[in-house]
Every structure is written in structure tokens, then in C-alpha cells.
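Visitor: See query-v7.txt below, with compact mmCIF, C-alpha atoms.
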# COMPACT_ATOMS: atom_id res chain seq x y z
CA MET E 191 -13.92 0.89 15.55
CA GLY E 192 -11.99 3.94 16.61
CA ARG E 193 -9.55 5.28 19.15
CA ARG E 194 -11.83 4.62 22.10
CA GLU E 195 -11.29 0.85 21.66
CA ALA E 196 -7.51 1.22 21.59
CA ILE E 197 -5.58 0.10 24.67
CA GLU E 198 -2.09 0.50 26.07
CA LYS E 199 0.04 -1.70 23.85
CA GLY E 200 0.32 -5.25 25.15
CA SER E 201 -1.79 -4.57 28.28
CA ARG E 202 -4.54 -7.03 27.29
CA THR E 203 -4.63 -10.33 25.45
CA ALA E 204 -6.85 -11.53 22.60
CA LEU E 205 -7.09 -15.17 21.54
CA VAL E 206 -8.14 -15.75 17.92
CA THR E 207 -8.82 -19.24 16.58
CA GLY E 208 -8.54 -19.93 12.87
CA ALA E 209 -6.25 -16.91 12.65
CA GLY E 210 -3.99 -18.04 9.82
CA SER E 211 -6.13 -16.69 6.99
CA GLY E 212 -9.47 -15.18 6.01
CA ILE E 213 -11.65 -13.52 8.61
CA GLY E 214 -9.51 -14.81 11.48
CA ARG E 215 -6.42 -13.11 10.06
CA CYS E 216 -8.40 -9.86 9.74
CA PHE E 217 -9.55 -10.14 13.37
CA ALA E 218 -5.91 -10.53 14.40
CA GLU E 219 -4.84 -7.51 12.32
CA ARG E 220 -7.51 -5.27 13.80
CA LEU E 221 -6.88 -6.36 17.39
CA ALA E 222 -3.13 -5.91 16.95
CA ALA E 223 -3.77 -2.40 15.60
CA LEU E 224 -5.70 -1.65 18.81
CA GLY E 225 -2.69 -2.75 20.88
CA TYR E 226 -3.70 -6.25 21.99
CA ARG E 227 -1.20 -8.96 22.73
CA LEU E 228 -2.27 -11.88 20.53
CA VAL E 229 -2.48 -15.64 20.78
CA LEU E 230 -3.16 -17.17 17.37
CA ALA E 231 -4.54 -20.71 17.39
CA GLY E 232 -5.31 -23.06 14.55
CA LEU E 233 -4.38 -26.17 12.60
CA ASN E 234 -1.79 -24.79 10.17
CA GLY E 235 1.24 -23.92 12.28
CA GLU E 236 3.29 -22.57 9.37
CA ARG E 237 0.58 -20.16 8.33
CA LEU E 238 0.11 -19.01 11.92
CA GLU E 239 3.84 -18.38 12.35
CA GLU E 240 3.87 -16.36 9.14
CA ALA E 241 0.92 -14.27 10.36
CA ALA E 242 2.56 -13.81 13.77
CA ALA E 243 5.82 -12.57 12.24
CA THR E 244 3.95 -10.03 10.10
CA LEU E 245 1.88 -8.77 13.04
CA ARG E 246 4.91 -8.40 15.33
CA GLU E 247 6.75 -6.38 12.71
CA ARG E 248 3.79 -4.24 11.68
CA TYR E 249 2.26 -3.46 15.09
CA ALA E 250 5.08 -4.14 17.58
CA VAL E 251 2.87 -6.29 19.83
CA PRO E 252 3.67 -9.69 21.37
CA VAL E 253 2.18 -12.55 19.35
CA GLU E 254 2.14 -16.20 20.42
CA VAL E 255 1.18 -19.21 18.32
CA VAL E 256 -0.65 -22.37 19.39
CA ALA E 257 -0.79 -24.98 16.63
CA ILE E 258 -3.70 -27.25 17.54
CA ASP E 259 -6.43 -29.36 15.95
CA LEU E 260 -9.61 -27.87 17.37
CA ALA E 261 -11.89 -30.52 15.84
CA ARG E 262 -11.38 -32.91 18.77
CA PRO E 263 -13.44 -33.37 21.96
CA GLU E 264 -10.47 -32.52 24.19
CA ALA E 265 -9.30 -29.51 22.16
CA ALA E 266 -10.85 -26.75 24.30
CA ARG E 267 -9.23 -27.98 27.50
CA GLU E 268 -5.89 -28.41 25.74
CA LEU E 269 -6.11 -24.89 24.28
CA PHE E 270 -6.97 -23.43 27.67
CA LEU E 271 -3.99 -25.13 29.34
CA ARG E 272 -1.57 -24.13 26.59
CA VAL E 273 -2.66 -20.50 26.79
CA ARG E 274 -2.13 -20.64 30.56
CA GLU E 275 1.36 -22.04 30.01
CA LEU E 276 2.13 -18.96 27.91
CA GLY E 277 1.27 -16.82 30.94
CA CYS E 278 -1.70 -15.18 29.23
CA ARG E 279 -5.04 -14.13 30.69
CA VAL E 280 -7.48 -13.79 27.83
CA ASP E 281 -9.55 -10.59 27.73
CA VAL E 282 -11.01 -11.12 24.25
CA LEU E 283 -11.84 -14.56 22.83
CA ILE E 284 -12.61 -14.85 19.12
CA ASN E 285 -13.98 -18.32 18.30
CA ASN E 286 -13.54 -18.07 14.55
CA ALA E 287 -12.20 -21.49 13.49
CA GLY E 288 -14.61 -23.33 11.24
CA THR E 289 -15.01 -25.53 8.21
CA PHE E 290 -17.64 -25.66 5.48
CA SER E 291 -19.69 -28.68 4.42
CA PHE E 292 -22.09 -28.90 1.50
CA ARG E 293 -23.06 -32.56 1.33
CA ASP E 294 -26.00 -34.83 2.16
CA VAL E 295 -25.71 -36.33 5.64
CA LEU E 296 -26.02 -39.93 4.38
CA THR E 297 -22.99 -39.50 2.13
CA THR E 298 -20.89 -37.66 4.71
CA PRO E 299 -18.32 -39.83 6.52
CA VAL E 300 -19.11 -40.23 10.22
CA GLU E 301 -15.64 -38.97 11.12
CA ARG E 302 -16.28 -35.74 9.22
CA ILE E 303 -19.60 -35.23 11.02
CA GLU E 304 -17.87 -35.70 14.36
CA GLY E 305 -15.14 -33.24 13.39
CA ILE E 306 -17.58 -30.53 12.32
CA LEU E 307 -19.69 -30.90 15.46
CA ASN E 308 -16.57 -30.85 17.64
CA LEU E 309 -15.17 -27.77 15.91
CA HIS E 310 -18.35 -25.70 15.67
CA ALA E 311 -20.10 -26.78 18.85
CA VAL E 312 -18.13 -28.75 21.43
CA THR E 313 -14.83 -26.84 21.25
CA THR E 314 -16.48 -23.44 21.03
CA LEU E 315 -18.94 -24.04 23.89
CA LEU E 316 -16.26 -25.46 26.17
CA ALA E 317 -13.91 -22.59 25.31
CA CYS E 318 -16.67 -20.18 26.32
CA ARG E 319 -17.05 -22.08 29.58
CA LEU E 320 -13.33 -22.18 30.42
CA PHE E 321 -12.24 -18.73 29.28
CA GLY E 322 -15.56 -17.15 30.28
CA GLU E 323 -15.11 -18.27 33.88
CA GLU E 324 -11.62 -16.78 33.91
CA MET E 325 -12.93 -13.51 32.45
CA ALA E 326 -15.66 -13.32 35.10
CA ARG E 327 -13.08 -13.80 37.87
CA GLN E 328 -10.84 -11.07 36.53
CA GLY E 329 -13.65 -8.52 36.15
CA GLY E 330 -14.98 -9.00 32.62
CA GLY E 331 -14.18 -9.68 29.01
CA HIS E 332 -15.50 -10.17 25.50
CA ILE E 333 -16.33 -13.35 23.56
CA LEU E 334 -17.19 -13.44 19.86
CA ASN E 335 -18.55 -16.63 18.28
CA MET E 336 -18.67 -16.95 14.51
CA SER E 337 -22.01 -18.46 13.54
CA SER E 338 -23.38 -18.23 10.00
CA TYR E 339 -26.24 -16.84 7.95
CA SER E 340 -26.87 -20.43 6.85
CA LEU E 341 -28.66 -21.12 10.15
CA TRP E 342 -31.70 -19.58 8.43
CA MET E 343 -31.05 -21.86 5.42
CA PRO E 344 -31.57 -25.50 6.57
CA TRP E 345 -31.55 -26.66 2.96
CA PRO E 346 -30.51 -30.01 1.44
CA GLY E 347 -26.75 -30.33 1.54
CA LEU E 348 -26.43 -27.69 4.25
CA SER E 349 -28.21 -29.63 6.99
CA LEU E 350 -25.09 -30.44 9.03
CA TYR E 351 -23.38 -27.08 8.57
CA SER E 352 -26.47 -24.95 9.22
CA ALA E 353 -27.49 -27.02 12.26
CA SER E 354 -24.06 -26.69 13.89
CA LYS E 355 -24.09 -22.94 13.30
CA ALA E 356 -27.68 -22.62 14.59
CA CYS E 357 -26.56 -24.31 17.80
CA LEU E 358 -23.76 -21.78 18.13
CA ARG E 359 -26.04 -18.76 17.73
CA SER E 360 -28.68 -20.10 20.10
CA PHE E 361 -26.07 -20.85 22.74
CA SER E 362 -24.34 -17.49 22.34
CA VAL E 363 -27.49 -15.41 22.76
CA ALA E 364 -28.56 -17.28 25.90
CA PHE E 365 -25.01 -17.39 27.31
CA ALA E 366 -24.72 -13.62 26.79
CA LYS E 367 -27.71 -13.11 29.09
CA GLU E 368 -26.23 -15.40 31.73
CA VAL E 369 -22.83 -13.71 31.95
CA ARG E 370 -23.82 -10.08 31.39
CA GLU E 371 -24.06 -9.51 35.15
CA ARG E 372 -20.45 -10.71 35.41
CA ASN E 373 -19.37 -8.01 32.92
CA VAL E 374 -18.69 -10.57 30.16
CA TYR E 375 -20.07 -9.64 26.75
CA VAL E 376 -20.89 -12.33 24.18
CA THR E 377 -21.74 -11.77 20.53
CA ALA E 378 -22.76 -14.25 17.82
CA VAL E 379 -21.89 -13.09 14.29
CA CYS E 380 -23.88 -14.54 11.38
CA PRO E 381 -22.24 -13.46 8.11
CA ALA E 382 -23.64 -14.41 4.73
CA GLY E 383 -21.23 -14.74 1.82
CA VAL E 384 -17.67 -13.63 2.57
CA ALA E 385 -14.83 -13.56 0.04
CA THR E 386 -12.62 -16.25 1.60
CA ASP E 387 -11.48 -19.74 0.61
CA LEU E 388 -13.96 -21.36 3.03
CA TYR E 389 -16.55 -22.18 0.37
CA GLY E 390 -14.02 -23.34 -2.21
CA LEU E 391 -14.71 -20.37 -4.51
CA PRO E 392 -11.82 -19.59 -6.89
CA PRO E 393 -10.23 -16.11 -6.40
CA ARG E 394 -11.78 -14.90 -9.67
CA TRP E 395 -15.30 -15.64 -8.44
CA GLN E 396 -14.51 -14.04 -5.11
CA ARG E 397 -13.51 -10.84 -6.91
CA ILE E 398 -16.68 -10.94 -9.01
CA GLY E 399 -18.80 -11.46 -5.87
CA LEU E 400 -17.15 -8.47 -4.20
CA ARG E 401 -17.75 -6.25 -7.22
CA LEU E 402 -21.41 -7.31 -7.41
CA GLY E 403 -21.88 -6.74 -3.69
CA VAL E 404 -23.06 -10.29 -2.98
CA LEU E 405 -19.91 -11.04 -0.96
CA LEU E 406 -18.36 -9.08 1.90
CA SER E 407 -14.62 -8.76 2.18
CA ALA E 408 -13.07 -10.63 5.10
CA ASP E 409 -11.87 -7.37 6.62
CA SER E 410 -15.30 -5.73 6.34
CA CYS E 411 -16.82 -8.73 8.11
CA ALA E 412 -14.21 -8.57 10.89
CA ARG E 413 -14.71 -4.82 11.31
CA ARG E 414 -18.49 -5.11 11.61
CA ALA E 415 -18.21 -8.09 13.97
CA LEU E 416 -15.83 -6.31 16.34
CA ARG E 417 -18.00 -3.20 16.32
CA ALA E 418 -20.96 -5.33 17.41
CA LEU E 419 -18.83 -6.96 20.11
CA TRP E 420 -17.65 -3.64 21.57
CA ARG E 421 -21.26 -2.39 21.57
CA GLY E 422 -22.48 -5.43 23.51
CA ARG E 423 -24.81 -6.78 20.82
CA ARG E 424 -25.84 -10.41 21.29
CA CYS E 425 -26.27 -11.14 17.58
CA CYS E 426 -24.96 -9.43 14.47
CA VAL E 427 -25.79 -10.06 10.80
CA PRO E 428 -23.29 -7.97 8.80
CA GLY E 429 -25.00 -6.04 6.01
CA TRP E 430 -28.54 -4.64 6.23
CA TRP E 431 -29.43 -6.24 2.88
CA ASN E 432 -28.70 -9.68 4.33
CA ARG E 433 -31.09 -9.05 7.21
CA LEU E 434 -33.83 -8.24 4.70
CA PHE E 435 -33.52 -11.67 3.06
CA ILE E 436 -33.86 -13.76 6.25
CA PRO E 437 -37.67 -14.24 5.88
CA PHE E 438 -37.18 -15.25 2.24
CA CYS E 439 -34.64 -17.91 3.28
CA LEU E 440 -36.92 -19.25 6.01
CA TYR E 441 -40.02 -19.50 3.84
CA MET E 442 -38.55 -20.41 0.46
CA PRO E 443 -41.10 -22.57 -1.43
CA ALA E 444 -40.37 -26.28 -1.65
CA TRP E 445 -40.48 -26.22 -5.46
CA VAL E 446 -37.64 -23.67 -5.55
CA LEU E 447 -35.55 -25.90 -3.29
CA ARG E 448 -36.20 -28.91 -5.52
CA ILE E 449 -34.98 -27.02 -8.58
CA ALA E 450 -31.95 -25.72 -6.71
CA ARG E 451 -31.15 -29.22 -5.47
CA ARG E 452 -31.14 -30.67 -8.98
CA HIS E 453 -28.63 -28.05 -10.11
CA THR E 454 -26.38 -28.16 -7.06
CA MET E 455 -25.98 -31.91 -6.48
CA LYS E 456 -22.77 -31.89 -8.52
CA LEU E 457 -21.34 -29.23 -6.19
CA GLN E 458 -21.57 -31.41 -3.10
CA ARG E 459 -18.18 -32.24 -1.62
Let me see the file written as C-alpha cells.

Guide:
Amino acid sequence: MGRREAIEKGSRTALVTGAGSGIGRCFAERLAALGYRLVLAGLNGERLEEAAATLRERYAVPVEVVAIDLARPEAARELFLRVRELGCRVDVLINNAGTFSFRDVLTTPVERIEGILNLHAVTTLLACRLFGEEMARQGGGHILNMSSYSLWMPWPGLSLYSASKACLRSFSVAFAKEVRERNVYVTAVCPAGVATDLYGLPPRWQRIGLRLGVLLSADSCARRALRALWRGRRCCVPGWWNRLFIPFCLYMPAWVLRIARRHTMKLQR
């Protein structure tokens, strides 16, 4: 990302969900640095307000906050209306909000399943529909959907998480082809391990993962994702080494999975 992506300060608006921490916060930082007016949406209002105050001071751009639970069937419509009430027309939509689940389906509460499917699939797809239509009317825009590398890893314990993320990638790639003629660009990003709190890794293990190169930093992930978005790529897997391992994930022998399952059952949560 360089100067060619920079805009006149405050002339366009970017909406980032899950912007209070991790990759979402890094998306917000990078878009603010380019001059975008920001709308930060997510569950933790205090954390969003803290991020907004920092971004206003550091980049001198307008930043609005929408505290909202996106894991509800009606969340996308509510978000769309609240952004409209702020007087914003969204030029860049970053559907980043997500939650991790490593647990067998039969031991996962039904309410949690509903929440994950709402957050990863229903809210994101409806947000694409609502904001995408508005972008098409105003001449174009960009939409980035955060999928996951785990879609190539439908393993025990990851069945719900990987399926919801697979849905998101499949939708994004097809949707990108539908709206390209309307000058709307859609990118699905499928990161592998990223050094954030999403997986419940302690900070020490995150630092070790970064040093070993098995984890990307949140900012590196955001930078690569935005670069793919600006270039009009339909799908992006950050890190060439991660792309190399996709066939291995898909065709991992059953006996390896059985051994892994025995040693990871205690990690389910």
C-alpha cells in the first residue's frame, strides 16, 4: 500500500467491524493513515471509543463508533440504518468481526452455534447486500470479507468454524463476479495463524509464534489483505508458505487426525 491509495482526508468512508482490537484495529489504522473517515463497529463500545480517540488524534480524521452485537439475525439491517443516521456513505466495507470455536458440534450449545452462523454468515452476507447495493448506486466501492485458512481444515473440533468460513469464501468469490460490472470489488481473505487473542493464545506464545514465523502479525495480515483488495483479487491467502500447505491440509491422512484429536480434546472450549 502506497501513496496511490491515499485520498483527500475525510473524502471517503470506511466501515470496519470488529475494529476494537487485533486485525480490525490494524485495518482501521491503515485506512485512517490513507485519509478515510472511519466508522468502527463492534460489541465492545469502550474499546471502540478508545480506538476512535487514538485514531482521531493520530490521523486527524473523523471517526464514528457503532456499538452493536453483530451475532444476531437483524444486526446487518440495524448496522446499515445506524450508519445512514450518521450521514455516511460507505466506500470501503471491512467485514472483520468474528469469533473462534474449537469444540465438537454435539457439545456446543445451540445458542453458540446460532451466534457463530449469524456473525460469520448471515450478518456478513446481508451487509454485503445492503452496502453493496449502495456502493453500486454511487459508482463503486470495495468490500473485504475475512474468511479463514481453516476452510481447508474441516477437522474434528473445527467443523462449525471452518464451515462458516468456507461459506464466506465461496460467497465472496461468486459475489465478486456478480458485482464487478458495477465497479464493486470484493475480496475474501483467508489468513492462517495470526498473533491475536482470537485463538486464546497467551501473549508469550504469540511472541514465540511470530519469532518462529508460524504466525503473522495482525498488521502484516491487514496490510496484505488491503493490498489484495486494492488490486481487485477475489481471494487472498497471506503468506506464500501457507498456500503451499493447502493440499497437505486437504489430504491429511485419517490416522494423523486421530492422533491429533486424542491430544487436542482437552483444548476444546

Visitor: Identify, on the basis of all atoms listed in the file, every residue whose closest approach to segment 257-267 of chain E does not exceed 7 Å; exclude the query and any residue fewer than 6 positions from it along the same chain; express the result as an mmCIF file with C-alpha atoms, in the frame of the given file.

Guide:
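As written to disk, out-v7.cif reads:
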data_model
loop_
_atom_site.group_PDB
_atom_site.id
_atom_site.type_symbol
_atom_site.label_atom_id
_atom_site.label_comp_id
_atom_site.auth_asym_id
_atom_site.auth_seq_id
_atom_site.Cartn_x
_atom_site.Cartn_y
_atom_site.Cartn_z
ATOM 1 C CA ALA E 231 -4.540 -20.710 17.390
ATOM 2 C CA GLY E 232 -5.310 -23.060 14.550
ATOM 3 C CA LEU E 233 -4.380 -26.170 12.600
ATOM 4 C CA ASN E 234 -1.790 -24.790 10.170
ATOM 5 C CA GLY E 235 1.240 -23.920 12.280
ATOM 6 C CA GLY E 305 -15.140 -33.240 13.390
ATOM 7 C CA ILE E 306 -17.580 -30.530 12.320
ATOM 8 C CA ASN E 308 -16.570 -30.850 17.640
ATOM 9 C CA LEU E 309 -15.170 -27.770 15.910
ATOM 10 C CA VAL E 312 -18.130 -28.750 21.430
ATOM 11 C CA THR E 313 -14.830 -26.840 21.250
ATOM 12 C CA LEU E 316 -16.260 -25.460 26.170
ATOM 13 C CA ALA E 317 -13.910 -22.590 25.310
#

Visitor: Which one of E:Trp420, E:Trp345, E:Tyr339, E:Phe361 sits closest to Met442 of chain E if you count only C-alpha atoms?

Guide: E:Trp345

Visitor: Which distance in Å separates atom CA of Met336 of chain E and atom CA of Cys318 of chain E, to one decimal?

Guide: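 These two atoms are separated by 12.4 Å.
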
Visitor: Can you measure atom CA of Cys380 of chain E to atom CA of Pro428 of chain E for me? One decimal in Å is fine.

Guide: 7.1 Å

Visitor: Leaving out Ala241 of chain E and any residue of its chain fewer than 4 positions from it, which residues lie within 8 Å of it when counting all atoms listed in the file, given as a PDB file with C-alpha atoms, keeping the file's coordinate frame?

Guide:
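The resulting around-v9.pdb:
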ATOM      1  CA  ALA E 209      -6.250 -16.910  12.650  1.00  0.00           C
ATOM      2  CA  GLY E 210      -3.990 -18.040   9.820  1.00  0.00           C
ATOM      3  CA  ARG E 215      -6.420 -13.110  10.060  1.00  0.00           C
ATOM      4  CA  ARG E 237       0.580 -20.160   8.330  1.00  0.00           C
ATOM      5  CA  LEU E 245       1.880  -8.770  13.040  1.00  0.00           C
TER       6      LEU E 245
END

Visitor: So how many Å separate atom CA of Ile197 of chain E and atom CA of Leu224 of chain E, to one decimal?

Guide: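 Distance between the two atoms: 6.1 Å.
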
Visitor: How close does segment 303-398 of chain E get to segment 274-293 of chain E? List, as JSON lines, each residue of segment 303-398 of chain E within 8 Å, its nearest atom pair and the distance in Å to one decimal, counting only C-alpha atoms.

Guide:
{"residue": "E:Ile306", "atom": "CA", "partner": "E:Thr289", "partner_atom": "CA", "distance": 7.0}
{"residue": "E:Leu309", "atom": "CA", "partner": "E:Gly288", "partner_atom": "CA", "distance": 6.5}
{"residue": "E:His310", "atom": "CA", "partner": "E:Gly288", "partner_atom": "CA", "distance": 6.3}
{"residue": "E:Thr314", "atom": "CA", "partner": "E:Asn285", "partner_atom": "CA", "distance": 6.3}
{"residue": "E:Phe321", "atom": "CA", "partner": "E:Val280", "partner_atom": "CA", "distance": 7.0}
{"residue": "E:Glu324", "atom": "CA", "partner": "E:Arg279", "partner_atom": "CA", "distance": 7.8}
{"residue": "E:Met325", "atom": "CA", "partner": "E:Asp281", "partner_atom": "CA", "distance": 6.5}
{"residue": "E:Gly330", "atom": "CA", "partner": "E:Asp281", "partner_atom": "CA", "distance": 7.5}
{"residue": "E:Gly331", "atom": "CA", "partner": "E:Asp281", "partner_atom": "CA", "distance": 4.9}
{"residue": "E:His332", "atom": "CA", "partner": "E:Val282", "partner_atom": "CA", "distance": 4.8}
{"residue": "E:Ile333", "atom": "CA", "partner": "E:Leu283", "partner_atom": "CA", "distance": 4.7}
{"residue": "E:Leu334", "atom": "CA", "partner": "E:Ile284", "partner_atom": "CA", "distance": 4.8}
{"residue": "E:Asn335", "atom": "CA", "partner": "E:Asn285", "partner_atom": "CA", "distance": 4.9}
{"residue": "E:Met336", "atom": "CA", "partner": "E:Asn286", "partner_atom": "CA", "distance": 5.3}
{"residue": "E:Pro346", "atom": "CA", "partner": "E:Arg293", "partner_atom": "CA", "distance": 7.9}
{"residue": "E:Gly347", "atom": "CA", "partner": "E:Arg293", "partner_atom": "CA", "distance": 4.3}
{"residue": "E:Leu348", "atom": "CA", "partner": "E:Phe292", "partner_atom": "CA", "distance": 5.3}
{"residue": "E:Leu350", "atom": "CA", "partner": "E:Ser291", "partner_atom": "CA", "distance": 7.3}
{"residue": "E:Tyr351", "atom": "CA", "partner": "E:Ser291", "partner_atom": "CA", "distance": 5.8}
{"residue": "E:Leu388", "atom": "CA", "partner": "E:Phe290", "partner_atom": "CA", "distance": 6.2}
{"residue": "E:Tyr389", "atom": "CA", "partner": "E:Phe290", "partner_atom": "CA", "distance": 6.3}

Visitor: Using only C-alpha atoms, pick whichever of E:Arg302, E:Arg394, E:Arg421, E:Arg413 has the shortest atom-to-atom distance to Leu221 of chain E.

Guide: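 Smallest separation from Leu221 of chain E among the options: E:Arg413.
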
Visitor: Pick from E:Ser337, E:Arg220, E:Lys199, E:Val229: nearest to Arg417 of chain E, with only C-alpha atoms counted?

Guide: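 Of the candidates, the smallest distance to Arg417 of chain E is held by E:Arg220.
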
Visitor: Could you tell me which of E:Arg202, E:Ser349, E:Ala382, E:Glu247 comes closest to Leu296 of chain E if we count all atoms listed in the file?

Guide: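 Looking at the shortest contact to Leu296 of chain E, the residue is E:Ser349.
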
Visitor: Have a look at E:Phe270, E:Trp342, E:Phe365, E:Tyr249 and name the one nearest to Thr377 of chain E; count all atoms listed in the file.

Guide: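 The answer is E:Phe365, which sits nearest to Thr377 of chain E.
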
Visitor: Looking at only C-alpha atoms, which of E:Thr203, E:Gln328, E:Asn373, E:Ser362 is the one that sits closest to Leu230 of chain E?

Guide: E:Thr203
